[in-house]
Amino acid sequence: IVNDVLFKFGGAAYLPFGAKSPIQATDVKQRLSYDLAAAKAMLQHVPTLSTGEAMVSGSDPTSLLVMQIIQSDLASIGFSLKIEQRDPASYNTRLVAGEFGVCLGQVGGGQLSVPRIVQNSLMRTANNPLWPNGVPPAQYSEAMTTLISATDPAVQARAYAQIREVLIDESWSIGVY
């Protein structure tokens with residue numbers, strides 16, 4: 001994706017935060033990977049999970065190309081992904097409402113500051129489309145609440161780490177692009 005679509009601009013991302021975001025950690029890349037063999041092995045444990053739908057914005061040709069690469073990779077492990085292009089208005093409405101199976105969406109602003117992290121609609125603590133029924137785990141919400149009022153850098157660092165760990169260990173979907 002980086003080489004073929006983004007002209008070598010950017011790099012692999014494992015969380016919805018840039019490399020310089022305070023929520024990042026140096027060990028994330030070693031803990032997570034884009035491993036199709038591991039994904040295929042996991043899919044074998046859930047035989048009913050063999051198809052899905054992806055939503056892309058019709059005004060974003062790059063997202064369509066990226067999704068087509070993902071579609072091809074998933075097909076190589078026995079998963080059929082149907083891509084649906086939506087007009088920008090219905091795409092954004094469905095994205096914020098959580099009415100999608102898979103989608104590509106941008107998390108803007110580099111997510112470097114506390115306000116940028118806690119105010120992003122995909123990071124919110126209620127009606128969050130990235131969590132089943134819109135409700136993130138309590139540890140996630142507690143850490144987000146802490147970030148809103150914490151001024152001590154050590155307290156903020158612990159809250160960032162808690163959010164990172166919940167995203168890695170418990171989320172069914174991680175918003176990255």
# chains A, B, ... in the order shown; residues from 1 in each chain; ligands from 1
call {"tool": "residues_around", "arguments": {"residues": "segment 87-100 of chain A", "least_positions_apart": "5", "cutoff": "12 Å", "atoms": "only C-alpha atoms", "output": "number ranges by chain"}}
result
A: 52-61, 82, 105-106, 120-124, 126-135, 173, 175
call {"tool": "write_last_selection", "arguments": {"atoms": "C-alpha atoms", "output": "compact mmCIF listing (two decimals), in the first residue's frame"}}
result
# COMPACT_ATOMS: atom_id res chain seq x y z
CA GLY A 52 -17.71 -9.17 4.66
CA GLU A 53 -18.49 -5.76 3.26
CA ALA A 54 -16.21 -2.74 3.02
CA MET A 55 -17.30 0.83 2.57
CA VAL A 56 -15.20 3.48 0.83
CA SER A 57 -15.92 7.08 -0.02
CA GLY A 58 -16.60 7.53 -3.71
CA SER A 59 -14.74 10.84 -3.62
CA ASP A 60 -11.51 9.16 -2.44
CA PRO A 61 -9.86 7.08 -5.19
CA LYS A 82 -17.24 -6.87 -1.19
CA GLY A 105 -11.21 6.58 7.37
CA GLN A 106 -8.73 9.22 8.32
CA ASN A 120 -12.27 12.58 17.58
CA SER A 121 -15.59 10.87 16.84
CA LEU A 122 -13.86 7.51 16.43
CA MET A 123 -12.26 7.86 19.87
CA ARG A 124 -15.35 8.94 21.81
CA ALA A 126 -20.20 6.81 23.91
CA ASN A 127 -21.84 5.92 20.60
CA ASN A 128 -18.43 4.89 19.31
CA PRO A 129 -18.72 3.05 15.97
CA LEU A 130 -15.55 1.04 16.60
CA TRP A 131 -17.04 -0.88 19.56
CA PRO A 132 -19.93 -3.33 19.65
CA ASN A 133 -23.12 -1.52 20.65
CA GLY A 134 -21.11 1.75 20.65
CA VAL A 135 -19.75 1.14 24.15
CA SER A 173 -11.78 -2.83 14.96
CA GLY A 175 -9.33 2.76 12.96
call {"tool": "residues_around", "arguments": {"residues": "segment 65-74 of chain A", "least_positions_apart": "2", "cutoff": "9 Å", "atoms": "only C-alpha atoms", "output": "PDB file with N, CA, C and O atoms, in the first residue's frame"}}
result
ATOM      1  N   ILE A   1       0.839  -1.191   0.000  1.00  0.00           N
ATOM      2  CA  ILE A   1       0.000   0.000   0.000  1.00  0.00           C
ATOM      3  C   ILE A   1       0.875   1.243   0.000  1.00  0.00           C
ATOM      4  O   ILE A   1       0.663   2.152  -0.796  1.00  0.00           O
ATOM      5  N   VAL A   5       0.586   2.587  -3.730  1.00  0.00           N
ATOM      6  CA  VAL A   5      -0.510   3.554  -3.793  1.00  0.00           C
ATOM      7  C   VAL A   5      -0.101   4.932  -3.246  1.00  0.00           C
ATOM      8  O   VAL A   5      -0.473   5.959  -3.800  1.00  0.00           O
ATOM      9  N   LEU A  36      -0.754 -12.480   7.217  1.00  0.00           N
ATOM     10  CA  LEU A  36      -1.870 -13.172   6.575  1.00  0.00           C
ATOM     11  C   LEU A  36      -1.973 -14.633   6.997  1.00  0.00           C
ATOM     12  O   LEU A  36      -3.073 -15.169   7.114  1.00  0.00           O
ATOM     13  N   ALA A  39      -3.722 -14.651  10.271  1.00  0.00           N
ATOM     14  CA  ALA A  39      -5.135 -14.322  10.067  1.00  0.00           C
ATOM     15  C   ALA A  39      -5.897 -15.524   9.516  1.00  0.00           C
ATOM     16  O   ALA A  39      -7.014 -15.819   9.952  1.00  0.00           O
ATOM     17  N   LYS A  40      -5.274 -16.242   8.575  1.00  0.00           N
ATOM     18  CA  LYS A  40      -5.917 -17.430   8.008  1.00  0.00           C
ATOM     19  C   LYS A  40      -6.139 -18.491   9.087  1.00  0.00           C
ATOM     20  O   LYS A  40      -7.199 -19.122   9.149  1.00  0.00           O
ATOM     21  N   ALA A  54     -17.053  -3.905   2.747  1.00  0.00           N
ATOM     22  CA  ALA A  54     -16.214  -2.740   3.021  1.00  0.00           C
ATOM     23  C   ALA A  54     -16.852  -1.522   2.379  1.00  0.00           C
ATOM     24  O   ALA A  54     -17.412  -1.595   1.296  1.00  0.00           O
ATOM     25  N   MET A  55     -16.743  -0.415   3.059  1.00  0.00           N
ATOM     26  CA  MET A  55     -17.302   0.830   2.570  1.00  0.00           C
ATOM     27  C   MET A  55     -16.149   1.804   2.301  1.00  0.00           C
ATOM     28  O   MET A  55     -15.259   1.952   3.128  1.00  0.00           O
ATOM     29  N   VAL A  56     -16.166   2.439   1.137  1.00  0.00           N
ATOM     30  CA  VAL A  56     -15.197   3.482   0.826  1.00  0.00           C
ATOM     31  C   VAL A  56     -15.938   4.699   0.300  1.00  0.00           C
ATOM     32  O   VAL A  56     -17.020   4.586  -0.270  1.00  0.00           O
ATOM     33  N   PRO A  61     -10.378   8.207  -4.394  1.00  0.00           N
ATOM     34  CA  PRO A  61      -9.865   7.081  -5.186  1.00  0.00           C
ATOM     35  C   PRO A  61      -8.721   6.338  -4.505  1.00  0.00           C
ATOM     36  O   PRO A  61      -8.543   5.141  -4.724  1.00  0.00           O
ATOM     37  N   THR A  62      -7.974   7.006  -3.660  1.00  0.00           N
ATOM     38  CA  THR A  62      -6.882   6.335  -2.947  1.00  0.00           C
ATOM     39  C   THR A  62      -7.434   5.271  -2.014  1.00  0.00           C
ATOM     40  O   THR A  62      -6.911   4.157  -1.940  1.00  0.00           O
ATOM     41  N   SER A  63      -8.497   5.599  -1.303  1.00  0.00           N
ATOM     42  CA  SER A  63      -9.107   4.608  -0.404  1.00  0.00           C
ATOM     43  C   SER A  63      -9.599   3.395  -1.174  1.00  0.00           C
ATOM     44  O   SER A  63      -9.492   2.265  -0.697  1.00  0.00           O
ATOM     45  N   SER A  76      -6.773 -14.105  -0.636  1.00  0.00           N
ATOM     46  CA  SER A  76      -5.707 -15.112  -0.617  1.00  0.00           C
ATOM     47  C   SER A  76      -5.776 -16.021   0.613  1.00  0.00           C
ATOM     48  O   SER A  76      -5.172 -17.089   0.621  1.00  0.00           O
ATOM     49  N   ILE A  77      -6.541 -15.615   1.631  1.00  0.00           N
ATOM     50  CA  ILE A  77      -6.695 -16.465   2.821  1.00  0.00           C
ATOM     51  C   ILE A  77      -8.118 -17.007   2.951  1.00  0.00           C
ATOM     52  O   ILE A  77      -8.512 -17.508   3.995  1.00  0.00           O
ATOM     53  N   GLY A  78      -8.905 -16.855   1.871  1.00  0.00           N
ATOM     54  CA  GLY A  78     -10.238 -17.442   1.857  1.00  0.00           C
ATOM     55  C   GLY A  78     -11.350 -16.555   2.367  1.00  0.00           C
ATOM     56  O   GLY A  78     -12.436 -17.036   2.660  1.00  0.00           O
ATOM     57  N   PHE A  79     -11.115 -15.248   2.444  1.00  0.00           N
ATOM     58  CA  PHE A  79     -12.143 -14.317   2.908  1.00  0.00           C
ATOM     59  C   PHE A  79     -12.564 -13.442   1.734  1.00  0.00           C
ATOM     60  O   PHE A  79     -11.728 -12.820   1.079  1.00  0.00           O
ATOM     61  N   SER A  80     -13.856 -13.392   1.465  1.00  0.00           N
ATOM     62  CA  SER A  80     -14.393 -12.606   0.360  1.00  0.00           C
ATOM     63  C   SER A  80     -14.898 -11.254   0.873  1.00  0.00           C
ATOM     64  O   SER A  80     -15.804 -11.207   1.701  1.00  0.00           O
ATOM     65  N   LEU A  81     -14.301 -10.175   0.392  1.00  0.00           N
ATOM     66  CA  LEU A  81     -14.674  -8.825   0.819  1.00  0.00           C
ATOM     67  C   LEU A  81     -15.298  -8.079  -0.353  1.00  0.00           C
ATOM     68  O   LEU A  81     -14.678  -7.909  -1.401  1.00  0.00           O
ATOM     69  N   LYS A  82     -16.538  -7.656  -0.176  1.00  0.00           N
ATOM     70  CA  LYS A  82     -17.240  -6.870  -1.185  1.00  0.00           C
ATOM     71  C   LYS A  82     -17.005  -5.389  -0.865  1.00  0.00           C
ATOM     72  O   LYS A  82     -17.174  -4.961   0.283  1.00  0.00           O
ATOM     73  N   ILE A  83     -16.619  -4.613  -1.870  1.00  0.00           N
ATOM     74  CA  ILE A  83     -16.361  -3.179  -1.674  1.00  0.00           C
ATOM     75  C   ILE A  83     -17.550  -2.380  -2.188  1.00  0.00           C
ATOM     76  O   ILE A  83     -18.000  -2.557  -3.315  1.00  0.00           O
ATOM     77  N   CYS A 103     -14.155  -0.182   6.857  1.00  0.00           N
ATOM     78  CA  CYS A 103     -14.029   1.047   6.085  1.00  0.00           C
ATOM     79  C   CYS A 103     -12.649   1.634   6.304  1.00  0.00           C
ATOM     80  O   CYS A 103     -11.943   1.278   7.244  1.00  0.00           O
ATOM     81  N   LEU A 104     -12.276   2.521   5.418  1.00  0.00           N
ATOM     82  CA  LEU A 104     -11.048   3.279   5.575  1.00  0.00           C
ATOM     83  C   LEU A 104     -11.456   4.698   5.908  1.00  0.00           C
ATOM     84  O   LEU A 104     -12.260   5.304   5.207  1.00  0.00           O
TER      85      LEU A 104
END
call {"tool": "select_by_dssp", "arguments": {"residues": "chain A", "states": "strand (DSSP E)", "output": "list in words"}}
result
Thr51, Gly52, Glu53, Ala54, Met55, Val56, Ser57, Ser80, Leu81, Lys82, Ile83, Glu84, Gln85, Arg86, Val102 and Cys103 of chain A
call {"tool": "atom_distance", "arguments": {"atom1": "atom CA of Asp4 of chain A", "atom2": "atom CA of Leu64 of chain A"}}
result
13.0 Å
call {"tool": "closest_residue", "arguments": {"among": "A:Leu49, A:Leu6, A:Ala12, A:Ala75", "to": "Ser33 of chain A", "atoms": "only C-alpha atoms"}}
result
A:Ala12
call {"tool": "select_by_dssp", "arguments": {"residues": "segment 16-144 of chain A", "states": "alpha helix (DSSP H)", "output": "PyMOL selection string"}}
result
chain A and resi 28-31+36-43+61-75+88-97+114-119+138-144
call {"tool": "residues_around", "arguments": {"residues": "Thr146 of chain A", "least_positions_apart": "2", "cutoff": "8 Å", "atoms": "only C-alpha atoms", "output": "list in words"}}
result
Glu142, Ala143, Met144, Ile148, Ser149, Ala150, Val155, Gln156 and Ala159 of chain A
call {"tool": "closest_residue", "arguments": {"among": "A:Val102, A:Ile168, A:Ala157, A:Leu147", "to": "Leu32 of chain A", "atoms": "only C-alpha atoms"}}
result
A:Ile168
call {"tool": "decode", "arguments": {"residues": "segment 152-164 of chain A", "atoms": "N, CA, C and O atoms", "output": "compact mmCIF listing (two decimals), in the first residue's frame"}}
result
# COMPACT_ATOMS: atom_id res chain seq x y z
N ASP A 152 -0.65 16.37 34.99
CA ASP A 152 0.61 15.71 35.34
C ASP A 152 1.02 14.79 34.18
O ASP A 152 0.29 13.87 33.81
N PRO A 153 2.21 15.03 33.60
CA PRO A 153 2.65 14.20 32.48
C PRO A 153 2.70 12.70 32.80
O PRO A 153 2.41 11.88 31.92
N ALA A 154 3.00 12.33 34.01
CA ALA A 154 3.05 10.92 34.38
C ALA A 154 1.65 10.31 34.36
O ALA A 154 1.45 9.17 33.91
N VAL A 155 0.67 11.07 34.83
CA VAL A 155 -0.73 10.59 34.82
C VAL A 155 -1.21 10.48 33.37
O VAL A 155 -1.86 9.49 32.99
N GLN A 156 -0.87 11.46 32.55
CA GLN A 156 -1.24 11.40 31.13
C GLN A 156 -0.59 10.18 30.46
O GLN A 156 -1.25 9.47 29.70
N ALA A 157 0.67 9.93 30.75
CA ALA A 157 1.37 8.80 30.14
C ALA A 157 0.69 7.47 30.50
O ALA A 157 0.55 6.59 29.64
N ARG A 158 0.27 7.34 31.75
CA ARG A 158 -0.43 6.11 32.15
C ARG A 158 -1.77 5.98 31.42
O ARG A 158 -2.17 4.89 31.01
N ALA A 159 -2.48 7.10 31.25
CA ALA A 159 -3.76 7.07 30.54
C ALA A 159 -3.56 6.72 29.07
O ALA A 159 -4.30 5.90 28.50
N TYR A 160 -2.55 7.31 28.43
CA TYR A 160 -2.24 6.96 27.04
C TYR A 160 -1.94 5.47 26.92
O TYR A 160 -2.42 4.79 26.01
N ALA A 161 -1.14 4.95 27.84
CA ALA A 161 -0.78 3.52 27.81
C ALA A 161 -2.02 2.65 27.99
O ALA A 161 -2.16 1.61 27.33
N GLN A 162 -2.92 3.06 28.86
CA GLN A 162 -4.14 2.29 29.10
C GLN A 162 -5.00 2.26 27.83
O GLN A 162 -5.52 1.20 27.46
N ILE A 163 -5.14 3.40 27.16
CA ILE A 163 -5.91 3.44 25.91
C ILE A 163 -5.26 2.54 24.87
O ILE A 163 -5.93 1.74 24.21
N ARG A 164 -3.96 2.65 24.74
CA ARG A 164 -3.23 1.84 23.77
C ARG A 164 -3.45 0.35 24.03
O ARG A 164 -3.74 -0.43 23.12
